[in-house]
Amino acid sequence: MGILEVKNVGKRFGGLQALGDVNLSVAENSVHAIIGPNGAGKSTLLNCLVGKLIPDTGSVMFDGQSVLGRKPYEINQMGISRVFQTPEIFGDLSVLENMLIPCFAKRDGAFHLSAFKNMMADKGMVERAEHMLEEMNMAGKHAMNAAALSRGDKRRLEIGMCLSQEPRLLLLDEPTAGMARADTNNTIDLLKQISDERDITIAIIEHDMHVVFSLAERITVLAQGTPLVEDTPDNIKGHPKVREAYLGETQDAA
Amino acid sequence: MLKLNKSDTLLFIIVAAMVLLAPFILNPFPQGSSLAQMFNAGYPDLMQRFVIFGILVIGFNILFGLTGYLSFGHAAFLGIGSYSAVWMFKLLSMNVIPALILSMIVAGIFSLAIGYVSLRRSGIYFSILTLAFAQMSYNLAYSVLGNPSSNYNLTNGETGLQVYSNDPQYFASSGAPDTPHLFGMAMSDSSKLDIGSWQFTFNNGYYMSGILMLVAFYISIRIFRSPFGMMLRAVKSNQQRMNYTGLNTKPYTLAAFVISGMYAGLAGGLLSSMDPLAGAERMHWTASGEIVIMAILGGVGTLIGPIVGAGFNEYFKNILSKINDGILHQWLSFLPDGLENFIVGILHYFVGKGWHLTLGLLFMMVIIFLPGGLVEGGQRLAKLFKRKKTEDGSDSNNTPAE
Amino acid sequence: MDQILLQILNGLDKGSAYALIALGLTLIFGTLGVVNFAHGALFMIGAFCAVTLQRILNISTITEDPTKTDFLGNPATIKTPIVETWFGPEVGASIIDWSVPLAIFFAIPIMAAVGIIMERGLIKHFYKRPHADQILVTFGLAIVLQEVIKAIYGANPIPTPAPEAFRGSFDFGTYIGFEANAIIYPYWRMVYFAFSAIIIAAVFAFLQFTTFGMVVRAGMADRETVGLLGINIDKRFTIMFAIAACVAGLAGVMYAPINSPNYHMGMDFLVLSFVVVVVGGMGSLPGAVLAGFMLGILEAFASMNQVKAIFPGIDQIIIYLVAIIIILTRPRGLMGRRGVMEE
């Protein structure tokens with residue numbers, strides 16, 4: 001029984017069957033990658049997991065509880081954090097404030113009317129945020145406006161923000177899309193470190209085979225809205241079905 | 001001090017000093033001089049408006065400045081507060097305390113209901129929804145609820161709601177003044193101080209409103225510096241990230257809306273306390289527009305901006321409307337006659353009754369060139385001077401957001 | 001039955017004005033992506049074009065009348081409008097009489113110029129700024145324009161009569177088989193409705209059947225792609241802005257006899273027109289027209305005494321009430337396109 005259990009999930013947009021009959025089980029504390037060509041339904045699946053879309057059929061269970069019908073913020077409070085393809089951070093706020101927000105969200109819940117507390121006087125929260133920034137190698141950038149950060153820093157900040165909530169499942173949506181090789185390798189190292197040091201499950205949607213094969217313990221290949229095969233990276237590499245459906249186009253990348 | 005950090009404490013002390021000393025600061029010219037007639041602003045009526053509109057815009061700024069939700073119907077709460085206060089005068093007594101409390105409560109209830117519905121949409125749709133609610137309130141106040149012959153005459157229509165001698169006033173004590181008062185201290189009473197040829201007026205109503213504005217300002221500083229305030233700024237910055245960080249944006253924006261509605265209600269109650277007459281025109285959408293203008297002029301999202309904006313707007317409205325052709329001729333008499341007449345002829349349209357035009361142009365200029373309002377203008381000037389002094393000042397901290 | 005028809009007719013003139021203003025608003029929003037709070041001011045400027053032409057035509061030469069004296073014993077004066085001197089008394093008098101319809105030709109170049117100046121001079125610089133800034137700057141412009149008009153023409157409404165032949169009312173009911181005096185309807189309102197219908201049809205035909213219109217429609221659907229085709233879409237959008245200004249202006253010209261123009265008429269109509277646009281769906285042209293007429297007619301029905309007896313004050317709030325319900329239940333409006341102004 002995995003921490004995330006997807007059963008018979010289907011989703012239709014008008015005449016387009018985006019997801020056919022998806023079954024997926026993500027084991028606790030593993031790194032699970034979902035790959036597939038463009039239009040395979042990866043993003044749709046992800047959106048069904050975080051509450052942005054509600055599937056037409058099937059069930060999604062997280063740690064024994066259904067996530068269907070819950071709002072994104074409720075699902076997040078259950079312990080699922082999401083990293084976006086283009087970093088979603090609070091551009092108008094300082095880096096430290098960016099990090100403080102998830103800390104408060106973790107401690108105080110979805111809504112807390114703390115209009116008279118002095119935020120910076122809350123030493124516990126500030127220390128926690130500063131500690132996380134240090135861990136993300138961003139000490140010294142506290143006062144900067146988050147919008148002024150470099151692309152790589154924005155990505156690290158976003159991952160740090162998710163981690164500071166101590167999620168049990170971290171979902172990443174093509175975290176290295178549009179990154180230079182060096183930045184990509186840094187991100188891979190960061191994710192490896194996270195997965196080694198923490199009790200955390202990572203599910204990653206990725207296009208870049210290099211990233212997938214350096215990180216994943218199990219891989220699900222999605223094609224035309226249905227899982228083609230699920231196996232370890234080594235077996236996936238040599239799998240004839242996968243080669244046929246998918247790897248042909250990315251051999252150079254792998 | 002006051003649980004504020006150093007720079008906020010300093011800011012608060014400066015504002016407090018200015019409010020308390022305003023009768024001096026605003027009367028720099030000796031009584032009776034022509035400059036005094038033009039530029040002195042130290043009379044009760046105007047000073048009251050400075051601080052009351054200050055409260056209104058401070059509240060508006062908590063909504064618009066922090067969350068970015070542009071309400072085009074905030075005057076509705078001002079009007080509702082005004083009516084509630086006058087009803088308290090009519091039913092209980094002329095004491096302002098129950099009036100102010102009720103005006104905040106009623107405005108709070110209305111803003112809760114209107115906010116709950118309007119906040120289901122954002123952006124332009126939110127603006128239109130608030131505008132629609134405000135216009136509905138205005139129209140109702142003018143027609144059905146204001147018809148003296150109907151059973152629901154809550155607002156007395158065009159005449160305006162006022163206190164009549166046959167009103168019940170169940171709790172009126174016999175010795176108390178028949179104008180709004182604070183435990184017997186009439187709001188309209190002033191004491192005067194003559195020093196040389198200067199005369200300074202200390203008005204009860206002004207000081208009560210001024211102290212309430214300081215309280216309102218203090219609360220707004222605390223909100224700005226609180227986790228709640230940060231969440232509101234986060235709403236403006238990125239709602240998507242907020243939702244995926246386990247935060248429910250609805251109650252945050254609704255709380256901001258209700259707080260700012262209650263500020264507006266308090267301001268309305270104070271307006272009625274200074275002059276117990278409430279009319280529907282206070283709820284018209286152009287009045288809502290003026291609140292927006294004041295907020296923008298001062299600087300949206302800054303602490304001091306609302307006070308600067310409200311003060312600037314009221315002060316210049318006052319001066320501009322006082323200037324007439326005679327005064328212009330007097331000022332420009334050093335020019336050759338033809339040129340003088342020509343310039344006066346042009347300026348004629350911008351002063352006196354034309355003050356709307358000048359403020360409208362100024363408002364446009366600020367939006368085009370100074371989106372951060374006068375506060376940003378001040379900061380730019382300050383930076384300019386600093387840079388001249390230290391040449392190499394690096395200010396990476398202040399990089400504006402995209 | 002005749003009551004219902006009468007209310008529909010009563011709703012048509014206001015509905016026409018809403019529809020015309022909303023059409024321009026949504027055209028500007030759809031093409032330029034700008035929320036234009038100054039659009040009501042364009043309507044007002046149009047109405048004042050009618051006032052201005054009327055005044056120009058009435059410029060007179062003053063001569064003394066040797067046969068009469070006034071009560072002080074001075075010779076009386078006769079004012080002879082210059083047009084009467086030029087074209088003879090009869091033709092001249094009818095030119096003055098027809099000043100409102102003639103103002104259409106006077107208003108078109110003026111409105112087009114105002115539109116182009118507005119777009120090139122101000123609004124162009126706000127395409128990339130947030131919608132809140134666009135609202136605010138155009139709101140400021142609306143204040144400035146209305147104050148300029150007030151400075152020139154004063155604060156009082158200026159009566160601007162329709163041509164003699166169209167004043168008064170006629171018994172519309174008898175034409176369609178009702179009893180006499182069942183449906184009495186003013187001539188000019190009928191003219192106004194017909195005029196609006198022609199303008200609306202012309203705008204739609206222009207967008208539907210010309211290449212220019214086709215490009216604009218494509219641009220409304222997907223600006224970037226059209227830009228990539230190498231078509232200079234910006235220039236066309238400027239022209240669209242001018243056209244939208246003309247539509248609002250002409251709506252104003254012809255409205256002058258119905259309501260004497262005053263400086264704040266633009267603002268009064270603007271708020272309602274925005275509501276109309278939102279109800280119709282931002283960026284939808286048919287939606288704007290449909291919603292304009294629908295709300296105009298609803299307002300007329302709500303003004304009936306029978307209705308007011310049940311819901312007092314309903315006539316005052318009906319439009320806003322409908323708008324609130326529509327925005328909450330169908331955020332895209334009646335005919336709005338997907339993805340417009342959605343966050």
# chains A, B, ... in the order shown; residues from 1 in each chain; ligands from 1

$ interface_residues --of "chain A" --to "chain B" --cutoff "7 Å" --atoms "only C-alpha atoms" --output "PyMOL selection string"
chain A and resi 72-74+76-77+81-82+88-92+102+105+110-111+113-119+143-145+147

$ select_by_dssp --residues "range 179-210 of chain B" --states "alpha helix (DSSP H)" --output "list in words"
Asn204, Gly205, Tyr206, Tyr207, Met208, Ser209 and Gly210 of chain B

$ interface_residues --of "chain C" --to "chain B" --cutoff "8 Å" --atoms "only C-alpha atoms" --output "list in words"
His131, Ala132, Asp133, Leu136, Val137, Gly140, Leu141, Ile143, Val144, Glu147, Val148, Ala151, Phe274, Val275, Val278, Pro312, Gly313, Gln316, Ile317, Tyr320, Leu321, Ala323, Ile324, Ile327, Leu328, Pro331, Met341 and Glu343 of chain C

$ atom_distance --atom1 "CA of Glu230 in chain A" --atom2 "CA of Ala27 in chain A"
12.6 Å

$ select_by_dssp --residues "range 44-289 of chain B" --states "strand (DSSP E)" --output "list in words"
Leu161, Gln162, His181, Leu182, Met185, Ala186, Ser190, Ser191, Lys192, Leu193, Asp194, Ile195, Trp198, Gln199, Phe200, Thr201, Phe202, Asn203, Leu277 and Ala278 of chain B

$ closest_residue --among "B:Phe200, B:Phe72, B:Phe217, B:Met94" --to "Ala172 in chain B" --atoms "only C-alpha atoms"
B:Met94

$ closest_residue --among "A:Leu19, A:Lys141, A:Val212, A:Gly69" --to "Ala40 in chain A" --atoms "only C-alpha atoms"
A:Leu19

$ closest_residue --among "C:Ile108, C:Ala248, C:Val253, C:Val215" --to "Val51 in chain C" --atoms "only C-alpha atoms"
C:Val253

$ atom_distance --atom1 "CA of Met283 in chain B" --atom2 "CA of Ala41 in chain B"
26.2 Å

$ residues_around --residues "Thr238 in chain C" --least-positions-apart "2" --cutoff "8 Å" --atoms "only C-alpha atoms" --output "PyMOL selection string"
chain C and resi 116+119-120+234-236+240-242

$ write_last_selection --atoms "N, CA and C atoms" --output "mmCIF file, in the first residue's frame"
data_model
loop_
_atom_site.group_PDB
_atom_site.id
_atom_site.type_symbol
_atom_site.label_atom_id
_atom_site.label_comp_id
_atom_site.auth_asym_id
_atom_site.auth_seq_id
_atom_site.Cartn_x
_atom_site.Cartn_y
_atom_site.Cartn_z
ATOM 1 N N ILE C 116 -8.517 58.851 -31.708
ATOM 2 C CA ILE C 116 -7.121 58.582 -32.083
ATOM 3 C C ILE C 116 -6.172 59.251 -31.096
ATOM 4 N N GLU C 119 -6.104 57.287 -27.869
ATOM 5 C CA GLU C 119 -5.428 55.998 -27.929
ATOM 6 C C GLU C 119 -3.922 56.181 -28.071
ATOM 7 N N ARG C 120 -3.535 57.035 -29.033
ATOM 8 C CA ARG C 120 -2.098 57.234 -29.263
ATOM 9 C C ARG C 120 -1.434 57.975 -28.110
ATOM 10 N N ASP C 234 -1.470 46.858 -34.561
ATOM 11 C CA ASP C 234 -1.616 48.027 -33.691
ATOM 12 C C ASP C 234 -2.334 49.171 -34.393
ATOM 13 N N LYS C 235 -1.950 49.371 -35.666
ATOM 14 C CA LYS C 235 -2.556 50.471 -36.409
ATOM 15 C C LYS C 235 -4.053 50.224 -36.589
ATOM 16 N N ARG C 236 -4.383 48.978 -36.871
ATOM 17 C CA ARG C 236 -5.802 48.647 -37.019
ATOM 18 C C ARG C 236 -6.548 48.834 -35.716
ATOM 19 N N MET C 240 -9.774 50.940 -34.761
ATOM 20 C CA MET C 240 -10.936 50.388 -34.058
ATOM 21 C C MET C 240 -11.315 51.272 -32.884
ATOM 22 N N PHE C 241 -10.306 51.799 -32.213
ATOM 23 C CA PHE C 241 -10.601 52.683 -31.082
ATOM 24 C C PHE C 241 -11.360 53.909 -31.570
ATOM 25 N N ALA C 242 -10.900 54.451 -32.706
ATOM 26 C CA ALA C 242 -11.585 55.614 -33.270
ATOM 27 C C ALA C 242 -13.021 55.257 -33.626
#

$ residues_around --residues "range 152-163 of chain A" --least-positions-apart "3" --cutoff "8 Å" --atoms "only C-alpha atoms" --output "PyMOL selection string"
(chain A and resi 81-83+87-89+95+98-99+102+132-133+136+138+146+149+166-167+170+175+179+183+187) or (chain B and resi 245)

$ residues_around --residues "Leu332 in chain B" --least-positions-apart "6" --cutoff "12 Å" --atoms "only C-alpha atoms" --output "list in words"
Asp325, Gly326, Gly338, Leu339, Glu340, Asn341, Phe342, Ile343, Val344, Gly345 and Leu347 of chain B

$ write_last_selection --atoms "C-alpha atoms" --output "compact mmCIF listing (two decimals), in the first residue's frame"
# COMPACT_ATOMS: atom_id res chain seq x y z
CA ASP B 325 -9.70 85.72 -10.92
CA GLY B 326 -9.12 88.69 -8.62
CA GLY B 338 -1.83 91.56 -21.98
CA LEU B 339 0.15 88.56 -20.80
CA GLU B 340 -1.39 88.84 -17.37
CA ASN B 341 -4.92 88.73 -18.74
CA PHE B 342 -4.03 85.87 -21.03
CA ILE B 343 -2.57 83.73 -18.25
CA VAL B 344 -5.40 84.57 -15.89
CA GLY B 345 -7.83 83.64 -18.64
CA LEU B 347 -5.78 79.60 -15.18

$ atom_distance --atom1 "CA of Glu28 in chain A" --atom2 "CA of Thr201 in chain A"
5.6 Å

$ residues_around --residues "Leu250 in chain C" --least-positions-apart "2" --cutoff "7 Å" --atoms "only C-alpha atoms" --output "list in words"
Gly46, Ile104, Ala107, Cys246, Val247, Ala248, Gly252, Val253 and Met254 of chain C

$ closest_residue --among "B:Pro30, B:Pro276, B:Gly298, B:Gly372" --to "Ser84 in chain B" --atoms "only C-alpha atoms"
B:Pro276

$ residues_around --residues "range 266-270 of chain C" --least-positions-apart "3" --cutoff "7 Å" --atoms "only C-alpha atoms" --output "PDB file with C-alpha atoms, in the first residue's frame"
ATOM      1  CA  HIS C  39     -15.965  55.700 -22.648  1.00  0.00           C
ATOM      2  CA  GLY C  40     -18.952  57.425 -21.089  1.00  0.00           C
ATOM      3  CA  ALA C  41     -17.151  60.712 -21.609  1.00  0.00           C
ATOM      4  CA  PHE C  43     -20.845  59.554 -25.282  1.00  0.00           C
ATOM      5  CA  MET C  44     -21.091  62.924 -23.550  1.00  0.00           C
ATOM      6  CA  SER C 273     -22.754  50.432 -19.626  1.00  0.00           C
ATOM      7  CA  PHE C 274     -20.049  48.635 -17.690  1.00  0.00           C
TER       8      PHE C 274
END

$ decode --residues "range 33-78 of chain A" --atoms "N, CA and C atoms" --output "PDB file, in the first residue's frame"
ATOM      1  N   ALA A  33       8.999   8.617 -10.732  1.00  0.00           N
ATOM      2  CA  ALA A  33       8.896   9.535 -11.865  1.00  0.00           C
ATOM      3  C   ALA A  33       7.768   9.108 -12.786  1.00  0.00           C
ATOM      4  N   ILE A  34       7.103  10.098 -13.336  1.00  0.00           N
ATOM      5  CA  ILE A  34       6.078   9.820 -14.344  1.00  0.00           C
ATOM      6  C   ILE A  34       6.560  10.475 -15.623  1.00  0.00           C
ATOM      7  N   ILE A  35       6.807   9.670 -16.634  1.00  0.00           N
ATOM      8  CA  ILE A  35       7.286  10.236 -17.889  1.00  0.00           C
ATOM      9  C   ILE A  35       6.302   9.916 -18.990  1.00  0.00           C
ATOM     10  N   GLY A  36       6.508  10.557 -20.098  1.00  0.00           N
ATOM     11  CA  GLY A  36       5.629  10.304 -21.233  1.00  0.00           C
ATOM     12  C   GLY A  36       5.761  11.440 -22.229  1.00  0.00           C
ATOM     13  N   PRO A  37       5.447  11.153 -23.491  1.00  0.00           N
ATOM     14  CA  PRO A  37       5.563  12.209 -24.505  1.00  0.00           C
ATOM     15  C   PRO A  37       4.549  13.321 -24.257  1.00  0.00           C
ATOM     16  N   ASN A  38       4.740  14.426 -24.959  1.00  0.00           N
ATOM     17  CA  ASN A  38       3.798  15.539 -24.834  1.00  0.00           C
ATOM     18  C   ASN A  38       2.394  15.074 -25.117  1.00  0.00           C
ATOM     19  N   GLY A  39       1.440  15.553 -24.306  1.00  0.00           N
ATOM     20  CA  GLY A  39       0.049  15.177 -24.541  1.00  0.00           C
ATOM     21  C   GLY A  39      -0.301  13.826 -23.986  1.00  0.00           C
ATOM     22  N   ALA A  40       0.609  13.231 -23.194  1.00  0.00           N
ATOM     23  CA  ALA A  40       0.318  11.911 -22.642  1.00  0.00           C
ATOM     24  C   ALA A  40      -0.628  11.999 -21.456  1.00  0.00           C
ATOM     25  N   GLY A  41      -0.829  13.208 -20.936  1.00  0.00           N
ATOM     26  CA  GLY A  41      -1.748  13.371 -19.814  1.00  0.00           C
ATOM     27  C   GLY A  41      -1.051  13.557 -18.478  1.00  0.00           C
ATOM     28  N   LYS A  42       0.263  13.861 -18.531  1.00  0.00           N
ATOM     29  CA  LYS A  42       1.014  14.008 -17.277  1.00  0.00           C
ATOM     30  C   LYS A  42       0.465  15.153 -16.441  1.00  0.00           C
ATOM     31  N   SER A  43       0.287  16.306 -17.083  1.00  0.00           N
ATOM     32  CA  SER A  43      -0.158  17.486 -16.332  1.00  0.00           C
ATOM     33  C   SER A  43      -1.578  17.303 -15.824  1.00  0.00           C
ATOM     34  N   THR A  44      -2.420  16.660 -16.654  1.00  0.00           N
ATOM     35  CA  THR A  44      -3.796  16.413 -16.227  1.00  0.00           C
ATOM     36  C   THR A  44      -3.799  15.551 -14.978  1.00  0.00           C
ATOM     37  N   LEU A  45      -2.961  14.514 -14.985  1.00  0.00           N
ATOM     38  CA  LEU A  45      -2.886  13.624 -13.837  1.00  0.00           C
ATOM     39  C   LEU A  45      -2.460  14.404 -12.601  1.00  0.00           C
ATOM     40  N   LEU A  46      -1.425  15.211 -12.783  1.00  0.00           N
ATOM     41  CA  LEU A  46      -0.924  15.999 -11.657  1.00  0.00           C
ATOM     42  C   LEU A  46      -2.022  16.911 -11.103  1.00  0.00           C
ATOM     43  N   ASN A  47      -2.745  17.577 -12.011  1.00  0.00           N
ATOM     44  CA  ASN A  47      -3.805  18.479 -11.568  1.00  0.00           C
ATOM     45  C   ASN A  47      -4.916  17.741 -10.830  1.00  0.00           C
ATOM     46  N   CYS A  48      -5.107  16.466 -11.181  1.00  0.00           N
ATOM     47  CA  CYS A  48      -6.101  15.681 -10.461  1.00  0.00           C
ATOM     48  C   CYS A  48      -5.623  15.358  -9.046  1.00  0.00           C
ATOM     49  N   LEU A  49      -4.308  15.286  -8.875  1.00  0.00           N
ATOM     50  CA  LEU A  49      -3.776  14.937  -7.555  1.00  0.00           C
ATOM     51  C   LEU A  49      -3.861  16.091  -6.582  1.00  0.00           C
ATOM     52  N   VAL A  50      -3.745  17.356  -7.116  1.00  0.00           N
ATOM     53  CA  VAL A  50      -3.650  18.510  -6.215  1.00  0.00           C
ATOM     54  C   VAL A  50      -4.972  19.261  -6.093  1.00  0.00           C
ATOM     55  N   GLY A  51      -6.017  18.769  -6.726  1.00  0.00           N
ATOM     56  CA  GLY A  51      -7.321  19.393  -6.521  1.00  0.00           C
ATOM     57  C   GLY A  51      -7.669  20.456  -7.524  1.00  0.00           C
ATOM     58  N   LYS A  52      -6.809  20.671  -8.538  1.00  0.00           N
ATOM     59  CA  LYS A  52      -7.146  21.678  -9.536  1.00  0.00           C
ATOM     60  C   LYS A  52      -8.210  21.114 -10.476  1.00  0.00           C
ATOM     61  N   LEU A  53      -8.134  19.830 -10.743  1.00  0.00           N
ATOM     62  CA  LEU A  53      -9.146  19.170 -11.568  1.00  0.00           C
ATOM     63  C   LEU A  53      -9.764  18.042 -10.747  1.00  0.00           C
ATOM     64  N   ILE A  54     -11.004  17.761 -11.041  1.00  0.00           N
ATOM     65  CA  ILE A  54     -11.637  16.609 -10.405  1.00  0.00           C
ATOM     66  C   ILE A  54     -11.850  15.560 -11.481  1.00  0.00           C
ATOM     67  N   PRO A  55     -11.285  14.352 -11.292  1.00  0.00           N
ATOM     68  CA  PRO A  55     -11.430  13.329 -12.341  1.00  0.00           C
ATOM     69  C   PRO A  55     -12.899  12.882 -12.463  1.00  0.00           C
ATOM     70  N   ASP A  56     -13.227  12.401 -13.668  1.00  0.00           N
ATOM     71  CA  ASP A  56     -14.607  11.943 -13.892  1.00  0.00           C
ATOM     72  C   ASP A  56     -14.859  10.610 -13.197  1.00  0.00           C
ATOM     73  N   THR A  57     -13.831   9.770 -13.212  1.00  0.00           N
ATOM     74  CA  THR A  57     -13.994   8.442 -12.602  1.00  0.00           C
ATOM     75  C   THR A  57     -12.787   8.147 -11.735  1.00  0.00           C
ATOM     76  N   GLY A  58     -12.909   7.114 -10.887  1.00  0.00           N
ATOM     77  CA  GLY A  58     -11.774   6.632 -10.129  1.00  0.00           C
ATOM     78  C   GLY A  58     -11.586   7.323  -8.793  1.00  0.00           C
ATOM     79  N   SER A  59     -10.514   6.959  -8.110  1.00  0.00           N
ATOM     80  CA  SER A  59     -10.271   7.524  -6.789  1.00  0.00           C
ATOM     81  C   SER A  59      -8.799   7.867  -6.638  1.00  0.00           C
ATOM     82  N   VAL A  60      -8.528   8.848  -5.829  1.00  0.00           N
ATOM     83  CA  VAL A  60      -7.159   9.218  -5.480  1.00  0.00           C
ATOM     84  C   VAL A  60      -7.078   9.240  -3.967  1.00  0.00           C
ATOM     85  N   MET A  61      -6.280   8.351  -3.410  1.00  0.00           N
ATOM     86  CA  MET A  61      -6.143   8.286  -1.958  1.00  0.00           C
ATOM     87  C   MET A  61      -4.741   8.713  -1.567  1.00  0.00           C
ATOM     88  N   PHE A  62      -4.672   9.591  -0.559  1.00  0.00           N
ATOM     89  CA  PHE A  62      -3.383   9.971  -0.032  1.00  0.00           C
ATOM     90  C   PHE A  62      -3.361   9.560   1.422  1.00  0.00           C
ATOM     91  N   ASP A  63      -2.460   8.645   1.753  1.00  0.00           N
ATOM     92  CA  ASP A  63      -2.326   8.183   3.131  1.00  0.00           C
ATOM     93  C   ASP A  63      -3.674   7.694   3.673  1.00  0.00           C
ATOM     94  N   GLY A  64      -4.395   6.971   2.823  1.00  0.00           N
ATOM     95  CA  GLY A  64      -5.649   6.386   3.274  1.00  0.00           C
ATOM     96  C   GLY A  64      -6.852   7.308   3.217  1.00  0.00           C
ATOM     97  N   GLN A  65      -6.653   8.580   2.802  1.00  0.00           N
ATOM     98  CA  GLN A  65      -7.785   9.513   2.733  1.00  0.00           C
ATOM     99  C   GLN A  65      -7.983   9.960   1.297  1.00  0.00           C
ATOM    100  N   SER A  66      -9.228  10.134   0.912  1.00  0.00           N
ATOM    101  CA  SER A  66      -9.491  10.570  -0.459  1.00  0.00           C
ATOM    102  C   SER A  66      -9.186  12.058  -0.588  1.00  0.00           C
ATOM    103  N   VAL A  67      -8.576  12.447  -1.706  1.00  0.00           N
ATOM    104  CA  VAL A  67      -8.328  13.878  -1.927  1.00  0.00           C
ATOM    105  C   VAL A  67      -9.379  14.462  -2.853  1.00  0.00           C
ATOM    106  N   LEU A  68     -10.230  13.614  -3.428  1.00  0.00           N
ATOM    107  CA  LEU A  68     -11.160  14.119  -4.433  1.00  0.00           C
ATOM    108  C   LEU A  68     -12.164  15.078  -3.816  1.00  0.00           C
ATOM    109  N   GLY A  69     -12.440  16.165  -4.545  1.00  0.00           N
ATOM    110  CA  GLY A  69     -13.413  17.133  -4.064  1.00  0.00           C
ATOM    111  C   GLY A  69     -12.842  18.112  -3.053  1.00  0.00           C
ATOM    112  N   ARG A  70     -11.598  17.938  -2.676  1.00  0.00           N
ATOM    113  CA  ARG A  70     -11.012  18.906  -1.751  1.00  0.00           C
ATOM    114  C   ARG A  70     -10.350  20.020  -2.525  1.00  0.00           C
ATOM    115  N   LYS A  71     -10.291  21.188  -1.905  1.00  0.00           N
ATOM    116  CA  LYS A  71      -9.649  22.339  -2.540  1.00  0.00           C
ATOM    117  C   LYS A  71      -8.136  22.198  -2.448  1.00  0.00           C
ATOM    118  N   PRO A  72      -7.409  22.851  -3.373  1.00  0.00           N
ATOM    119  CA  PRO A  72      -5.954  22.746  -3.342  1.00  0.00           C
ATOM    120  C   PRO A  72      -5.348  23.022  -1.963  1.00  0.00           C
ATOM    121  N   TYR A  73      -5.875  24.046  -1.259  1.00  0.00           N
ATOM    122  CA  TYR A  73      -5.237  24.353   0.025  1.00  0.00           C
ATOM    123  C   TYR A  73      -5.502  23.261   1.052  1.00  0.00           C
ATOM    124  N   GLU A  74      -6.653  22.589   0.930  1.00  0.00           N
ATOM    125  CA  GLU A  74      -6.925  21.500   1.870  1.00  0.00           C
ATOM    126  C   GLU A  74      -6.000  20.324   1.600  1.00  0.00           C
ATOM    127  N   ILE A  75      -5.790  20.041   0.318  1.00  0.00           N
ATOM    128  CA  ILE A  75      -4.916  18.931  -0.033  1.00  0.00           C
ATOM    129  C   ILE A  75      -3.502  19.225   0.429  1.00  0.00           C
ATOM    130  N   ASN A  76      -3.097  20.500   0.277  1.00  0.00           N
ATOM    131  CA  ASN A  76      -1.774  20.865   0.752  1.00  0.00           C
ATOM    132  C   ASN A  76      -1.668  20.648   2.261  1.00  0.00           C
ATOM    133  N   GLN A  77      -2.723  21.028   2.991  1.00  0.00           N
ATOM    134  CA  GLN A  77      -2.674  20.852   4.442  1.00  0.00           C
ATOM    135  C   GLN A  77      -2.621  19.371   4.827  1.00  0.00           C
ATOM    136  N   MET A  78      -3.047  18.482   3.908  1.00  0.00           N
ATOM    137  CA  MET A  78      -2.934  17.048   4.182  1.00  0.00           C
ATOM    138  C   MET A  78      -1.501  16.560   4.071  1.00  0.00           C
TER     139      MET A  78
END
